[in-house]
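run.txt (compact mmCIF, C-alpha atoms) appears below.
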```
# COMPACT_ATOMS: atom_id res chain seq x y z
CA MET A 20 -26.16 -32.11 -1.03
CA ARG A 21 -28.48 -31.41 -3.98
CA ILE A 22 -30.29 -28.75 -1.91
CA LEU A 23 -26.94 -27.03 -1.10
CA ARG A 24 -25.91 -27.15 -4.76
CA ASN A 25 -29.21 -25.57 -5.80
CA GLN A 26 -28.87 -22.87 -3.15
CA LEU A 27 -25.34 -22.09 -4.31
CA LYS A 28 -26.58 -21.86 -7.90
CA GLN A 29 -29.32 -19.49 -6.77
CA GLY A 30 -26.73 -17.40 -4.87
CA GLY A 31 -24.59 -17.14 -8.00
CA LEU A 32 -27.62 -16.21 -10.07
CA MET A 33 -28.55 -13.51 -7.55
CA ILE A 34 -25.06 -12.02 -7.82
CA ALA A 35 -25.16 -12.08 -11.61
CA LEU A 36 -28.57 -10.40 -11.59
CA ALA A 37 -27.38 -7.83 -9.03
CA LEU A 38 -24.33 -7.06 -11.18
CA LEU A 39 -26.44 -6.74 -14.31
CA SER A 40 -28.88 -4.50 -12.46
CA LEU A 41 -26.01 -2.36 -11.12
CA ASN A 42 -24.47 -1.89 -14.53
CA MET A 43 -27.87 -1.10 -16.03
CA THR A 44 -28.52 1.32 -13.18
CA PHE A 45 -25.30 3.17 -13.81
CA ALA A 46 -25.66 3.05 -17.58
CA GLN A 47 -29.37 4.00 -17.79
CA GLY A 48 -28.86 5.59 -21.21
CA ASN A 49 -26.04 7.78 -19.81
CA PRO A 50 -28.18 9.97 -17.53
CA LYS A 51 -27.06 13.53 -17.07
CA LEU A 52 -26.37 13.98 -13.36
CA SER A 53 -25.91 17.26 -11.56
CA ASP A 54 -23.10 17.57 -8.99
CA ALA A 55 -25.68 17.19 -6.21
CA GLU A 56 -26.88 13.95 -7.80
CA VAL A 57 -23.32 12.70 -8.34
CA ALA A 58 -22.65 13.39 -4.65
CA MET A 59 -25.74 11.36 -3.70
CA VAL A 60 -24.70 8.41 -5.87
CA ALA A 61 -21.20 8.49 -4.34
CA VAL A 62 -22.62 8.64 -0.80
CA VAL A 63 -25.11 5.81 -1.41
CA ALA A 64 -22.50 3.57 -3.09
CA ASN A 65 -20.22 3.93 -0.04
CA GLN A 66 -23.07 3.49 2.46
CA ILE A 67 -24.16 0.28 0.77
CA ASP A 68 -20.72 -1.30 1.17
CA VAL A 69 -20.59 -0.19 4.79
CA SER A 70 -23.92 -1.96 5.40
CA TYR A 71 -22.67 -5.16 3.71
CA ALA A 72 -19.52 -5.03 5.85
CA GLU A 73 -21.56 -4.62 9.04
CA ILE A 74 -23.49 -7.79 8.22
CA ALA A 75 -20.24 -9.65 7.44
CA GLN A 76 -18.63 -8.52 10.70
CA LYS A 77 -21.59 -9.97 12.63
CA LYS A 78 -22.11 -13.19 10.66
CA SER A 79 -18.77 -14.38 9.31
CA ARG A 80 -16.48 -16.68 11.31
CA ASN A 81 -13.75 -16.56 8.66
CA ALA A 82 -10.75 -14.42 9.75
CA ASP A 83 -9.91 -13.24 6.21
CA VAL A 84 -13.53 -12.26 5.49
CA LYS A 85 -13.83 -10.42 8.83
CA LYS A 86 -10.53 -8.57 8.24
CA PHE A 87 -11.68 -7.58 4.76
CA ALA A 88 -15.03 -6.38 6.13
CA GLU A 89 -13.20 -4.29 8.76
CA THR A 90 -11.19 -2.61 6.01
CA MET A 91 -14.40 -1.92 4.05
CA LEU A 92 -15.95 -0.32 7.15
CA ASN A 93 -12.89 1.86 7.82
CA ASP A 94 -12.25 2.94 4.24
CA HIS A 95 -15.80 3.58 3.04
CA ASN A 96 -16.58 5.49 6.25
CA SER A 97 -13.44 7.59 5.63
CA VAL A 98 -14.59 8.38 2.08
CA LEU A 99 -18.10 9.18 3.37
CA GLY A 100 -16.61 11.54 5.92
CA LEU A 101 -14.58 13.35 3.28
CA ALA A 102 -17.58 13.52 0.93
CA GLY A 103 -19.68 14.99 3.73
CA GLU A 104 -17.05 17.64 4.58
CA LEU A 105 -16.70 18.60 0.93
CA ALA A 106 -20.45 18.82 0.37
CA LYS A 107 -20.70 21.11 3.40
CA LYS A 108 -17.82 23.27 2.17
CA LEU A 109 -19.33 23.58 -1.30
CA GLY A 110 -22.85 24.11 0.04
CA VAL A 111 -24.06 21.11 -1.98
CA THR A 112 -26.89 18.97 -0.63
CA PRO A 113 -26.75 15.46 -2.13
CA LYS A 114 -29.88 14.94 -4.22
CA GLU A 115 -31.76 11.68 -4.58
CA ASN A 116 -32.12 10.49 -8.16
CA ALA A 117 -33.04 7.43 -10.22
CA VAL A 118 -29.51 6.00 -10.02
CA SER A 119 -29.21 6.33 -6.25
CA LYS A 120 -32.72 4.87 -5.75
CA SER A 121 -31.95 1.94 -7.98
CA LEU A 122 -28.72 1.26 -6.05
CA LEU A 123 -30.61 1.21 -2.77
CA GLU A 124 -33.28 -1.14 -4.14
CA GLY A 125 -30.61 -3.56 -5.34
CA ALA A 126 -28.82 -3.34 -2.02
CA ASP A 127 -31.99 -4.20 -0.09
CA LYS A 128 -32.34 -7.43 -2.05
CA THR A 129 -28.66 -8.32 -1.52
CA LYS A 130 -28.92 -7.64 2.21
CA LYS A 131 -31.93 -9.96 2.45
CA GLU A 132 -29.85 -12.68 0.77
CA LEU A 133 -26.89 -12.04 3.08
CA ASN A 134 -29.09 -12.19 6.17
CA SER A 135 -30.62 -15.50 5.05
CA MET A 136 -27.27 -17.27 4.77
CA ARG A 137 -24.61 -18.43 7.19
CA GLY A 138 -21.27 -20.24 7.40
CA LYS A 139 -19.26 -20.90 4.23
CA LYS A 140 -22.27 -20.16 2.04
CA PHE A 141 -22.48 -16.68 3.57
CA ASP A 142 -18.71 -16.06 3.20
CA LYS A 143 -18.77 -17.09 -0.46
CA PHE A 144 -21.84 -15.02 -1.28
CA TYR A 145 -20.49 -11.96 0.56
CA ILE A 146 -17.06 -11.99 -1.06
CA ASP A 147 -18.39 -12.84 -4.53
CA ASN A 148 -20.77 -9.91 -4.19
CA GLU A 149 -17.92 -7.64 -3.04
CA VAL A 150 -15.89 -8.51 -6.15
CA ALA A 151 -18.88 -7.85 -8.43
CA TYR A 152 -19.89 -4.70 -6.54
CA HIS A 153 -16.45 -3.11 -6.61
CA GLU A 154 -16.05 -3.89 -10.31
CA ALA A 155 -19.38 -2.17 -11.01
CA VAL A 156 -18.58 0.82 -8.76
CA ILE A 157 -15.15 1.36 -10.36
CA ASN A 158 -16.72 1.28 -13.83
CA ALA A 159 -19.41 3.70 -12.72
CA VAL A 160 -17.05 6.16 -11.01
CA GLU A 161 -14.62 6.20 -13.94
CA GLY A 162 -17.20 5.97 -16.72
CA LEU A 163 -20.07 8.06 -15.37
CA LEU A 164 -19.53 10.01 -12.14
CA ILE A 165 -16.10 11.57 -12.87
CA PRO A 166 -17.01 12.67 -16.43
CA GLU A 167 -20.39 14.03 -15.23
CA THR A 168 -18.92 16.09 -12.35
CA GLU A 169 -18.43 19.79 -12.96
CA ASN A 170 -16.95 20.90 -9.63
CA GLN A 171 -13.19 20.22 -9.65
CA GLU A 172 -12.90 19.45 -5.92
CA LEU A 173 -15.67 16.86 -6.12
CA LYS A 174 -14.06 15.43 -9.25
CA ASP A 175 -10.68 15.27 -7.45
CA LEU A 176 -12.23 13.41 -4.52
CA LEU A 177 -13.78 10.85 -6.87
CA ILE A 178 -10.46 10.46 -8.72
CA SER A 179 -8.68 9.92 -5.36
CA ALA A 180 -11.23 7.28 -4.39
CA VAL A 181 -10.59 5.11 -7.46
CA PRO A 182 -7.25 3.60 -6.20
CA ILE A 183 -9.03 2.77 -2.92
CA PHE A 184 -11.77 0.88 -4.74
CA LYS A 185 -9.25 -0.87 -7.00
CA THR A 186 -7.24 -2.01 -3.96
CA HIS A 187 -10.48 -3.24 -2.39
CA LEU A 188 -11.21 -5.21 -5.55
CA ALA A 189 -7.74 -6.84 -5.51
CA HIS A 190 -8.13 -7.60 -1.80
CA ALA A 191 -11.60 -9.08 -2.37
CA LYS A 192 -10.25 -11.31 -5.13
CA SER A 193 -7.49 -12.63 -2.87
CA VAL A 194 -10.03 -13.45 -0.15
CA GLN A 195 -12.36 -14.96 -2.78
CA GLU A 196 -9.55 -17.35 -3.79
CA LYS A 197 -9.05 -18.47 -0.19
CA VAL A 198 -12.77 -18.85 0.51
CA SER A 199 -13.37 -21.03 -2.55
CA LYS A 200 -10.77 -23.62 -1.42
CA MET B 29 85.96 7.03 -13.87
CA PRO B 30 84.86 10.61 -14.72
CA SER B 31 84.32 12.58 -11.48
CA LEU B 32 80.62 13.29 -12.17
CA PHE B 33 79.79 9.64 -12.68
CA ARG B 34 81.91 8.74 -9.61
CA LYS B 35 79.95 11.14 -7.47
CA LYS B 36 76.60 9.71 -8.66
CA TYR B 37 77.87 6.13 -8.16
CA LEU B 38 78.98 6.84 -4.59
CA ASN B 39 75.64 8.58 -3.83
CA ASN B 40 73.63 5.63 -5.09
CA LEU B 41 75.86 3.26 -3.14
CA SER B 42 75.26 5.15 0.11
CA LYS B 43 71.48 5.22 -0.56
CA MET B 44 71.46 1.47 -1.14
CA SER B 45 73.35 0.80 2.06
CA PHE B 46 70.88 3.08 3.95
CA ILE B 47 68.01 1.11 2.52
CA SER B 48 69.55 -2.29 3.32
CA THR B 49 70.35 -1.38 6.93
CA ASN B 50 66.90 0.11 7.56
CA LYS B 51 64.74 -2.39 5.63
CA ALA B 52 62.53 -3.40 8.57
CA ARG B 53 61.88 0.21 9.63
CA LEU B 54 61.14 1.24 6.07
CA ARG B 55 58.74 -1.71 5.64
CA LYS B 56 56.80 -0.67 8.75
CA LEU B 57 56.68 2.95 7.62
CA PHE B 58 55.39 1.98 4.17
CA SER B 59 52.69 -0.32 5.64
CA GLY B 60 51.53 2.46 7.92
CA LEU B 61 51.32 4.93 5.07
CA LEU B 62 49.35 2.42 2.98
CA ILE B 63 46.81 1.80 5.77
CA ALA B 64 46.41 5.54 6.32
CA ALA B 65 45.79 6.04 2.59
CA VAL B 66 43.12 3.30 2.55
CA CYS B 67 41.43 4.82 5.62
CA MET B 68 41.36 8.25 4.02
CA LEU B 69 39.86 6.89 0.84
CA THR B 70 37.22 4.78 2.58
CA PHE B 71 36.13 6.91 5.49
CA GLY B 72 37.65 10.26 4.79
CA GLY B 73 39.97 9.68 7.68
CA CYS B 74 40.85 6.86 10.04
CA GLY B 75 38.53 6.40 13.03
CA LYS B 76 35.58 8.24 11.32
CA SER B 77 32.39 6.03 11.41
CA TYR B 78 29.23 6.22 9.26
CA THR B 79 26.44 8.52 10.50
CA PRO B 80 23.02 6.98 9.86
CA VAL B 81 20.58 9.03 7.84
CA THR B 82 16.78 9.19 7.63
CA HIS B 83 14.87 8.12 4.54
CA VAL B 84 11.22 8.91 3.81
CA VAL B 85 8.49 6.62 2.46
CA VAL B 86 5.22 8.32 1.53
CA ILE B 87 2.00 6.34 1.77
CA LYS B 88 -0.30 7.58 -0.99
CA GLY B 89 -2.79 6.12 -3.46
CA LEU B 90 -2.62 2.88 -1.43
CA LYS B 91 1.05 2.46 -2.25
CA PHE B 92 4.34 2.77 -0.38
CA LEU B 93 6.43 5.25 -2.35
CA PRO B 94 9.06 4.21 -3.15
CA TYR B 95 8.11 0.53 -3.11
CA GLU B 96 11.77 -0.50 -2.76
CA LEU B 97 14.34 1.46 -0.76
CA THR B 98 18.06 0.66 -0.48
CA ILE B 99 19.64 1.89 2.76
CA ARG B 100 22.61 1.26 5.09
CA LYS B 101 22.38 -0.69 8.32
CA GLY B 102 21.19 1.56 11.12
CA ASP B 103 19.52 4.11 8.86
CA THR B 104 16.09 5.30 9.92
CA VAL B 105 13.05 5.02 7.69
CA LYS B 106 10.18 7.44 8.27
CA TRP B 107 6.73 6.61 6.90
CA ILE B 108 4.21 9.42 6.39
CA ASN B 109 0.54 8.66 5.67
CA LYS B 110 -0.56 11.09 2.98
CA ASP B 111 -3.52 8.94 1.96
CA LEU B 112 -7.27 9.40 2.44
CA VAL B 113 -7.57 6.25 4.56
CA LYS B 114 -5.82 4.58 7.53
CA HIS B 115 -2.84 2.29 7.01
CA ASP B 116 -0.20 0.52 8.99
CA VAL B 117 3.37 -0.62 8.33
CA THR B 118 4.05 -4.18 9.45
CA GLU B 119 6.93 -6.62 8.93
CA GLU B 120 5.58 -9.23 6.55
CA THR B 121 7.13 -12.62 7.43
CA ASN B 122 6.45 -12.89 11.16
CA GLN B 123 4.91 -9.47 11.91
CA THR B 124 7.85 -8.83 14.26
CA TRP B 125 7.24 -5.08 14.20
CA THR B 126 4.35 -2.77 13.34
CA SER B 127 3.54 0.90 13.37
CA GLY B 128 -0.02 0.30 14.55
CA VAL B 129 -2.84 2.20 12.83
CA MET B 130 -1.70 5.40 11.15
CA ASN B 131 -4.31 8.06 10.47
CA LYS B 132 -3.88 10.66 7.73
CA GLU B 133 -0.71 12.77 8.32
CA ASP B 134 0.56 10.37 11.00
CA VAL B 135 4.30 9.71 10.94
CA TRP B 136 6.11 6.62 12.19
CA LYS B 137 9.82 5.85 12.08
CA MET B 138 12.15 3.00 12.84
CA ALA B 139 15.89 2.22 12.59
CA ILE B 140 16.41 -0.67 10.17
CA THR B 141 19.16 -3.29 10.63
CA GLU B 142 18.29 -5.95 8.04
CA THR B 143 16.63 -6.43 4.65
CA THR B 144 12.88 -6.58 5.25
CA ASP B 145 9.61 -7.01 3.38
CA TYR B 146 6.68 -5.17 4.92
CA PHE B 147 2.99 -4.59 4.17
CA CYS B 148 -0.20 -2.93 5.37
CA THR B 149 -2.37 -5.37 7.36
CA LEU B 150 -5.46 -3.30 6.51
CA HIS B 151 -4.78 -3.54 2.77
CA VAL B 152 -2.89 -6.81 2.47
CA ILE B 153 -1.85 -6.31 -1.15
CA MET B 154 0.00 -3.08 -0.25
CA LYS B 155 3.66 -4.03 0.06
CA GLY B 156 7.09 -2.49 0.40
CA LYS B 157 10.73 -3.59 0.60
CA LEU B 158 13.78 -2.31 2.48
CA ILE B 159 17.19 -3.51 1.28
CA VAL B 160 20.12 -3.11 3.64
CA GLU B 161 23.41 -2.83 1.78
```

Please rewrite the model in this file as C-alpha cells.
Amino acid sequence: MRILRNQLKQGGLMIALALLSLNMTFAQGNPKLSDAEVAMVAVVANQIDVSYAEIAQKKSRNADVKKFAETMLNDHNSVLGLAGELAKKLGVTPKENAVSKSLLEGADKTKKELNSMRGKKFDKFYIDNEVAYHEAVINAVEGLLIPETENQELKDLLISAVPIFKTHLAHAKSVQEKVSK
Amino acid sequence: MPSLFRKKYLNNLSKMSFISTNKARLRKLFSGLLIAAVCMLTFGGCGKSYTPVTHVVVIKGLKFLPYELTIRKGDTVKWINKDLVKHDVTEETNQTWTSGVMNKEDVWKMAITETTDYFCTLHVIMKGKLIVE
C-alpha cells in the first residue's frame, strides 16, 4: 500500500514537472517564431497527443478512457491532416526549433512513464496528463502561436483548433472525475 | 296605433314567430357556422392538415447550432457537419437513434415525434435539445 502511494505521488510529481516544463518551453522568453516554426510546433503538439492516445488504446481497460483516447486519435489526426494540406498549399515546410524539440523531449519522458504503468494507475496518469497537456497547449496556441503567426490562413486554422482543444479539455476533466472515484 | 308603428310591430311579430317555429333548424345552422369559423381561423379551412417542415442544425466549433430547437411533431431536423472533425448525433437517454459517424460536410436528417435530448458520442459534452410543441 505504501509502495503504491509512493508511486502515485511520483506520478503526480512527474505530471507537475511535465506541465512546468511545457509552460517553460512555450514561454522561453517569448521566442519569435517564423510561420514555418509555428507550423512545426502545431504539428508536434498534435502528434504527441496522438502517440499518448495510441498507448492508451492499447493499455487501458477503462471504457471512458478508451473512448476519450479514440476521440483524441480522430481529432488530432484530422487537425494534422488539415495542417499538412495547408502547409503544402502555402509551400511552407515545418521547421524544427527549440520549442518543438523541447516538446518532443518532454513527450519521450511521459511516454516512458505511461509504458511503465498499467491498470488504474495508468488510467489516472494518462487522464491527469491529458488535462495538464491540453491546458498547456491551449495557453500556448492562444498566447504564443496565434499572435506569432503572420499568414492569415495558418492563423485561422489555429484559431479553429482552439474550440477542439477546449472541448478535449472539458472531456478529459469529466473522465478524470470518473477515474478518480 | 299610428300606421308606421303598426307596420313595424306586425313585422317584428312575424319575425319572432318565424324564429320560434324554426328554433331547432336555426340552432343547427348557427352551430355549423361557428364550427366553420373556428376551422378557418385554426387551419385556414376545414380539413386542411399541417405540412411538416425541415429545420437545420449546423455542427460547428464543437457545438450544435442552435443548441435548442422548438419544432412541431413530424417536422424533420437536418444536421450538417461544418466542423473540422467528425461528429455524430445520438439520442442521449437510451441511445435509441444515431446518425453514425458524420465526416465534414456530411448531412443526416430525421423526422422528430417527441421532445429529445441528444449529444455527440465522440465529444460527450456536446449536447443539443429538440422540443416538440

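Considering the residues B:Ile87, B:Met154, B:Val117, B:Ile159 and counting all atoms listed in the file, chain A has its shortest atom-to-atom contact with B:Met154.
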
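If you take only C-alpha atoms and a cut-off of 6 Å, the residues of chain A that reach chain B are Thr90, Asp94 and Pro182 of chain A.
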
Point-to-point distance in Å for CA of Tyr95 in chain B and CA of Val150 in chain A: 25.8 Å

Close residues, range 67-69 of chain A itself excluded, 8 Å, all atoms listed in the file, min 3 positions apart in chain, as a PyMOL selection string: chain A and resi 63-64+72-73+91-92+95-96+123+126

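Of note, CA of Gly156 in chain B and CA of Ala88 in chain A are spaced 23.2 Å apart.
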
I want to know what sits within 7 Å of Lys85 in chain A, based on all atoms listed in the file, with residues of the same chain fewer than 4 positions away left out; could you give that as an mmCIF file with C-alpha atoms, keeping the file's coordinate frame?
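Dumped to selection-v2.cif:
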```
data_model
loop_
_atom_site.group_PDB
_atom_site.id
_atom_site.type_symbol
_atom_site.label_atom_id
_atom_site.label_comp_id
_atom_site.auth_asym_id
_atom_site.auth_seq_id
_atom_site.Cartn_x
_atom_site.Cartn_y
_atom_site.Cartn_z
ATOM 1 C CA ALA A 75 -20.240 -9.650 7.440
ATOM 2 C CA GLN A 76 -18.630 -8.520 10.700
ATOM 3 C CA SER A 79 -18.770 -14.380 9.310
ATOM 4 C CA ASN A 81 -13.750 -16.560 8.660
ATOM 5 C CA GLU A 89 -13.200 -4.290 8.760
#
```

Residues within 8 Å of Val60 in chain A, please, as an MDAnalysis selection string. Count all atoms listed in the file; anything in the same chain fewer than 6 positions from it doesn't count. chainID A and resid 115 118:119

Compile the contact shell of Leu105 in chain A as number ranges by chain: residues with an atom at most 10 Å away, counting all atoms listed in the file, same-chain residues fewer than 5 positions apart removed. A: 58, 99-100, 110-111, 172-173, 176

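Picture a line from CA of Phe141 in chain A to CA of Glu124 in chain A; it runs 20.4 Å.
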
Exercise: Glu149 in chain A partners within 12 Å, only C-alpha atoms, chain neighbours under 5 positions left out, as a ChimeraX atom specification: /A:34,37-38,67-72,75,84,87-88,91,126,129,133,142-144,154-157,184-185,187-195

Distance query 8 Å from (22.3, -6.1, 1.7) using all atoms listed in the file, result as a PDB file with C-alpha atoms, keeping the file's coordinate frame:
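Written output follows (out.pdb):
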```pdb
ATOM      1  CA  GLU B 142      18.290  -5.950   8.040  1.00  0.00           C
ATOM      2  CA  THR B 143      16.630  -6.430   4.650  1.00  0.00           C
ATOM      3  CA  ILE B 159      17.190  -3.510   1.280  1.00  0.00           C
ATOM      4  CA  VAL B 160      20.120  -3.110   3.640  1.00  0.00           C
ATOM      5  CA  GLU B 161      23.410  -2.830   1.780  1.00  0.00           C
TER       6      GLU B 161
END
```
